[in-house]
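Q: Handing you this structure, nothing more for now.
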Amino acid sequence: MGVKEAEKKMTNVHGEPNAHVKKWVEEMRDLCQPDAVYWCDGSEEERRRLMSDAVRAGDFEELNQELLPGCYLHRSAQNDVARTEGLTFICTRSKSDAGPTNNWMAPDEAYRKCGAIFKGSMKGRQMYVIPFIMGPAGSPFSKVGIELTDSLYVVLNMRMMTRMGNVAWGQLGDSNDFTRCLHGKADLNIDRRFICHFPEDNTIWSVGSGYGGNALLGKKCLALRIAGFLGRREGWMAEHMLIVGIEDPQGRTTYITAAFPSACGKTNLAMLVPPASLKGYKVWTVGDDIAWLRVGKDGQLWAVNPENGFFGVAPGTSMKSNPNAMKTIQRNSFFTNVVRTPEGGVWWEGMDIPPPQEGIDWKGKKWTPSSGEKGAHPNSRFTAPASQCPSLSPHWEDPEGVPISAIIFGGRRASVVPLVFESFDWPHGTYVGATVASERTAAAEGTVGELRHDPMAMLPFCGYHMGDYFEHWLQMGKRITRHPKIFHVNWFRQNSQGEFLWPGFGENLRVIQWILERCAGSGKAVKTPIGFVPAADAITTKGTHVSGSDLAELLRVDPGIWKPDMTSRDKFFGMFDRLPQAIRDEHAAQKKRLHI
Ligand code: OXD
Ligand code: MN
């Protein structure tokens, strides 16, 4: 589409183009010097055309269209397979506003450094203009972003993950209130890779990576880091949380959100299938990764999923762990860095079906199950439209969102932390969130298995000082009059032989049942130094392999083994210059209750 034609599309009611967008696109075109600028309209015709361009350019391979209609495979560069937290920066004017958990770069320096890499980097390439909305179209809480990129992989993924195209012009109108997202692959050189956020300018510049979390700028960069900053200013919250509705046998639906560190089962919980023994329950998926939360007129917290699709971790996803995800990805989906089977299908470790005798691995090489290497990258992904999810909630696009009764935090902990506990109140719940720690997974770089503190599962996604973020949580608690209860779960506790004590997956609904009972004012509980845990008979295990003694071990809170955790929290909190007094007080009170 020519510039003139595109301008017509982005006109306001008076037939004038949005002058702010036009000016900015021109500036960025001058910087990156693409051969041409293409304005995406989001139409089906456009999708087909860009898809065949992407196949021709080698960005995607067509999969067997009979087996997987509308599905394509992408292999990333081998040095570009996960979010690069070490190269991700918060560029606030004052260094202290980025806080001790973020990398910081001065805005001038970041614009200069990235600008030098962007300069002329799109010569011989096309620049795509992607207008998009995070949140349902027409919702007053949604935000508009415009991403400029030279990657067709990004364009086609953004089309699935956001409401993309002409619909965004209607939402934006004449306003200058949009996130300016500039992305370029440049030469994919890790030494020239920067993911820079300028929250004070509502701007993101990402260069040198094509990986989802670094390059699909609507997701982690906008919907968490930038939105978190805006939310603090405007009085709402952007959280790394799934949103799900649980319908009980009486037909009442209760909505909960849950924050777990990356690759700890958020997508599985969001799409949970109730076990046969829990008759009459239904689970409704609203979102699997991000929640925007506001206080409604009724004093409750209301949640919206700003995304339009799922960008899930493939390994471990199977008909056993997540049948709804498997059904969602049977068509119109992208697969990144998985094994291609000889029939033109896909396979990954933990798919729970035998591997192909031979396939093409994520590096594009011939692979056999005996080759001694993983066929799919541990952080390989699927991208799929939310609309294809069999458990999708009829309320998932409600402009006001859904009302939240419980917030659940969780981590991957082999010991110490019980299966579930309930915090005493909102400030203690904020402390529980602030002390989430998990054994590291493959979604980010680093040593897998190492324990890392990940407050509210937001450590890599908080766009400002984490101490101020805790304070924002505490302040939100003062504005909510009908508080959700705050819980913590740990599906991963092991026995002395290193075996998981809890079956997980669909059976997690048994724990949620107790959570719902607690929200309704029933549900038997025992008070411990860290919060309320279920009474011995409060969680039903009938129909599972969990014995009475396993359950007792799962729920055990042993003050004697909490010392290393509390010491590690001392150390973690020690790095914050802006730790709210209320968090210090909660920490001291918990230590006292544990006699530490
Ligand atoms: C994700 C992540 O991709 O958390 O959702 O890393
Ligand atoms: Mn995530």
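For the structure tokens, the naming scheme is as follows: chains receive sequential letters (A, B, ...) according to their order of presentation, residues are indexed from 1 within each chain, and ligands are indexed from 1 in presentation order.
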Could you pull out the residues sitting within 7 Å of ligand 2, using only C-alpha atoms and all ligand atoms, and write them as an NGL selection string?
A: :A and (240 or 262 or 289)
Q: Need to verify the contact set: segment 283-286 of chain A, 7 Å, only C-alpha atoms, exclusion of same-chain residues closer than 2 positions in sequence. Can you return it as a list in words?
A: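 My reading of the contact set: Ile243, Val244, Gly245, Ile246, Glu247, Ala270, Met271, Leu272, Val273, Tyr281, Asn305, Ser391, Leu392, Ser393 and Trp396 of chain A.
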Q: Determine which residues of segment 231-451 of chain A receive a DSSP assignment of strand (DSSP E or B), computed from the backbone, and state them as a VMD selection string.
A: chain A and resid 237 to 239 242 to 247 253 to 259 282 to 287 291 to 295 301 to 304 309 to 313 334 to 336 339 to 340 346 to 347 359 to 360 366 to 367 381 to 385 392 402 to 410 420 to 422 437 to 439 444 451
Q: List as an mmCIF file with C-alpha atoms, in the first residue's frame the protein and nucleic acid residues near Ser277 of chain A, meaning an atom at most 12 Å away when only C-alpha atoms are counted, but skip any in the same chain fewer than 5 places from it.
A:
data_model
loop_
_atom_site.group_PDB
_atom_site.id
_atom_site.type_symbol
_atom_site.label_atom_id
_atom_site.label_comp_id
_atom_site.auth_asym_id
_atom_site.auth_seq_id
_atom_site.Cartn_x
_atom_site.Cartn_y
_atom_site.Cartn_z
ATOM 1 C CA GLY A 506 -6.226 -31.116 36.092
ATOM 2 C CA GLU A 507 -5.923 -32.235 39.719
ATOM 3 C CA LEU A 509 -8.561 -27.945 40.587
ATOM 4 C CA ARG A 510 -8.768 -29.677 43.973
ATOM 5 C CA THR A 540 -10.191 -34.187 48.570
ATOM 6 C CA THR A 541 -7.652 -36.659 47.190
ATOM 7 C CA LYS A 542 -10.100 -39.450 46.334
ATOM 8 C CA GLY A 543 -9.320 -40.727 42.859
ATOM 9 C CA THR A 544 -5.648 -39.645 42.989
#
Q: What lies within 7 Å of segment 306-323 of chain A using only C-alpha atoms, ignoring chain neighbours under 2 positions off, as a count of residues only?
A: 34
Q: From the set A:Met466, A:Val25, A:Leu67, A:Ala238, which residue has the shortest atom-to-atom contact distance to Leu148 of chain A, counting only C-alpha atoms?
A: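 Among A:Met466, A:Val25, A:Leu67, A:Ala238, it is A:Val25 that comes nearest to Leu148 of chain A.
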Q: Counting only C-alpha atoms and all ligand atoms, which residue out of A:Val155, A:Leu474, A:Leu216, A:Met122 sits closest to ligand 1?
A: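 Closest residue, counting only C-alpha atoms and all ligand atoms: A:Leu216.
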Q: Excluding Arg112 of chain A and its own-chain neighbours fewer than 6 positions away, which residues fall within 12 Å of it when counting only C-alpha atoms? Please give them as a PyMOL selection string.
A: chain A and resi 31+105-106+118-119+194+196+205
Q: Applying 9 Å and only C-alpha atoms, which residues near Leu554 of chain A remain after dropping the ones on its own chain fewer than 3 positions away? List them as a list in words.
A: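 Counting only C-alpha atoms, the residues come to Val417, Pro418, Leu419, Val420, Arg493, Gln494, Asn495, Leu501, Trp502, Ser549, Asp550, Leu551 and Val557 of chain A.
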Q: For the residues in that selection, give me all heavy atoms as a compact mmCIF listing (two decimals), in the first residue's frame.
A:
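The new file out-v7.txt reads:
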# COMPACT_ATOMS: atom_id res chain seq x y z
N VAL A 417 8.14 -24.96 50.77
CA VAL A 417 6.89 -24.21 50.55
C VAL A 417 5.73 -25.20 50.35
O VAL A 417 5.80 -26.08 49.50
CB VAL A 417 7.03 -23.28 49.32
CG1 VAL A 417 5.76 -22.49 49.10
CG2 VAL A 417 8.22 -22.35 49.52
N PRO A 418 4.64 -25.07 51.15
CA PRO A 418 3.55 -26.04 51.05
C PRO A 418 2.75 -25.92 49.75
O PRO A 418 2.89 -24.93 49.02
CB PRO A 418 2.66 -25.71 52.26
CG PRO A 418 2.96 -24.29 52.58
CD PRO A 418 4.39 -24.04 52.17
N LEU A 419 1.93 -26.92 49.52
CA LEU A 419 1.10 -26.98 48.30
C LEU A 419 0.27 -25.71 48.13
O LEU A 419 0.16 -25.18 47.02
CB LEU A 419 0.18 -28.21 48.41
CG LEU A 419 -0.84 -28.43 47.31
CD1 LEU A 419 -0.15 -28.69 45.97
CD2 LEU A 419 -1.76 -29.60 47.66
N VAL A 420 -0.30 -25.22 49.22
CA VAL A 420 -1.10 -23.99 49.13
C VAL A 420 -1.18 -23.34 50.50
O VAL A 420 -1.17 -24.02 51.52
CB VAL A 420 -2.54 -24.30 48.59
CG1 VAL A 420 -3.29 -25.29 49.45
CG2 VAL A 420 -3.35 -23.02 48.41
N ARG A 493 6.37 -29.64 44.97
CA ARG A 493 7.07 -30.16 46.16
C ARG A 493 7.37 -31.65 45.95
O ARG A 493 6.56 -32.41 45.43
CB ARG A 493 6.21 -29.96 47.41
CG ARG A 493 6.98 -30.18 48.68
CD ARG A 493 6.39 -29.38 49.82
NE ARG A 493 7.00 -29.72 51.09
CZ ARG A 493 6.74 -29.07 52.21
NH1 ARG A 493 5.89 -28.07 52.23
NH2 ARG A 493 7.34 -29.43 53.33
N GLN A 494 8.58 -32.05 46.40
CA GLN A 494 9.03 -33.42 46.16
C GLN A 494 9.22 -34.18 47.47
O GLN A 494 9.45 -33.57 48.51
CB GLN A 494 10.36 -33.41 45.40
CG GLN A 494 10.23 -32.83 44.00
CD GLN A 494 11.56 -32.71 43.26
OE1 GLN A 494 12.57 -33.21 43.72
NE2 GLN A 494 11.52 -32.04 42.13
N ASN A 495 9.18 -35.52 47.37
CA ASN A 495 9.50 -36.33 48.56
C ASN A 495 11.01 -36.56 48.61
O ASN A 495 11.76 -36.06 47.76
CB ASN A 495 8.70 -37.64 48.56
CG ASN A 495 9.06 -38.52 47.37
OD1 ASN A 495 10.08 -38.31 46.71
ND2 ASN A 495 8.21 -39.50 47.08
N LEU A 501 5.16 -34.89 44.74
CA LEU A 501 4.14 -35.41 45.66
C LEU A 501 2.73 -35.16 45.12
O LEU A 501 1.80 -35.87 45.46
CB LEU A 501 4.28 -34.71 47.02
CG LEU A 501 5.44 -35.21 47.88
CD1 LEU A 501 5.79 -34.17 48.94
CD2 LEU A 501 5.06 -36.54 48.55
N TRP A 502 2.60 -34.11 44.32
CA TRP A 502 1.26 -33.70 43.87
C TRP A 502 1.12 -34.01 42.38
O TRP A 502 2.05 -33.74 41.60
CB TRP A 502 1.07 -32.20 44.13
CG TRP A 502 -0.29 -31.70 43.76
CD1 TRP A 502 -0.59 -30.85 42.74
CD2 TRP A 502 -1.53 -32.02 44.41
NE1 TRP A 502 -1.95 -30.63 42.70
CE2 TRP A 502 -2.55 -31.33 43.72
CE3 TRP A 502 -1.89 -32.82 45.50
CZ2 TRP A 502 -3.89 -31.42 44.07
CZ3 TRP A 502 -3.23 -32.92 45.85
CH2 TRP A 502 -4.21 -32.21 45.15
N SER A 549 -0.46 -39.51 54.00
CA SER A 549 0.83 -38.99 54.48
C SER A 549 1.47 -38.06 53.45
O SER A 549 2.14 -37.08 53.80
CB SER A 549 1.78 -40.12 54.91
OG SER A 549 2.03 -40.93 53.79
N ASP A 550 1.24 -38.33 52.15
CA ASP A 550 1.73 -37.40 51.11
C ASP A 550 1.08 -36.03 51.31
O ASP A 550 1.75 -34.99 51.24
CB ASP A 550 1.33 -37.87 49.70
CG ASP A 550 2.14 -39.05 49.21
OD1 ASP A 550 3.18 -39.35 49.83
OD2 ASP A 550 1.71 -39.69 48.22
N LEU A 551 -0.24 -36.06 51.55
CA LEU A 551 -0.94 -34.78 51.70
C LEU A 551 -0.43 -34.04 52.94
O LEU A 551 -0.20 -32.82 52.89
CB LEU A 551 -2.46 -35.01 51.79
CG LEU A 551 -3.29 -33.72 51.78
CD1 LEU A 551 -3.12 -32.95 50.47
CD2 LEU A 551 -4.78 -34.02 52.00
N VAL A 557 4.09 -27.15 57.27
CA VAL A 557 4.87 -25.93 57.41
C VAL A 557 5.79 -26.17 58.61
O VAL A 557 5.33 -26.22 59.75
CB VAL A 557 3.97 -24.71 57.66
CG1 VAL A 557 4.81 -23.46 57.88
CG2 VAL A 557 3.01 -24.51 56.49
Q: Would you pick out the contacts of Pro534 of chain A at 7 Å or less, using only C-alpha atoms, so that residues sharing its chain but fewer than 6 positions from it are not included, and give the list as a short mmCIF file (atom, residue, chain, number, x, y, z; two decimals) with all heavy atoms, in the first residue's frame?
A:
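Heads up, here's the output in out_11.cif:
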data_model
loop_
_atom_site.label_atom_id
_atom_site.label_comp_id
_atom_site.auth_asym_id
_atom_site.auth_seq_id
_atom_site.Cartn_x
_atom_site.Cartn_y
_atom_site.Cartn_z
N LYS A 524 -12.11 -25.37 55.40
CA LYS A 524 -11.45 -25.48 56.71
C LYS A 524 -9.96 -25.19 56.58
O LYS A 524 -9.31 -25.66 55.63
CB LYS A 524 -11.68 -26.88 57.28
CG LYS A 524 -13.11 -27.02 57.82
CD LYS A 524 -13.23 -28.23 58.70
CE LYS A 524 -13.63 -29.46 57.90
NZ LYS A 524 -13.51 -30.71 58.59
N ALA A 525 -9.43 -24.44 57.54
CA ALA A 525 -8.03 -24.05 57.46
C ALA A 525 -7.37 -24.06 58.84
O ALA A 525 -8.05 -23.98 59.86
CB ALA A 525 -7.92 -22.64 56.87
N VAL A 526 -6.06 -24.18 58.81
CA VAL A 526 -5.27 -24.15 60.03
C VAL A 526 -4.33 -22.96 59.93
O VAL A 526 -3.71 -22.75 58.87
CB VAL A 526 -4.42 -25.45 60.14
CG1 VAL A 526 -3.55 -25.44 61.38
CG2 VAL A 526 -5.31 -26.68 60.09
#
Q: I'd like to know which of A:His472, A:Arg93, A:Arg125, A:Lys219 is closest to ligand 1, using only C-alpha atoms and all ligand atoms.
A: A:Lys219
Q: Select, from A:His465, A:Arg49, A:Lys23, A:Lys591, the residue with the minimum atom-to-atom distance to Asp97 of chain A, counting only C-alpha atoms.
A: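 Smallest distance to Asp97 of chain A is found for A:His465.
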Q: Go through A:His74, A:Lys220, A:His197, A:Lys185 one by one, measure the shortest atom-to-atom distance of each to ligand 1 using only C-alpha atoms and all ligand atoms, and give the residue with the smallest value.
A: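 The closest residue to ligand 1 is A:Lys220.
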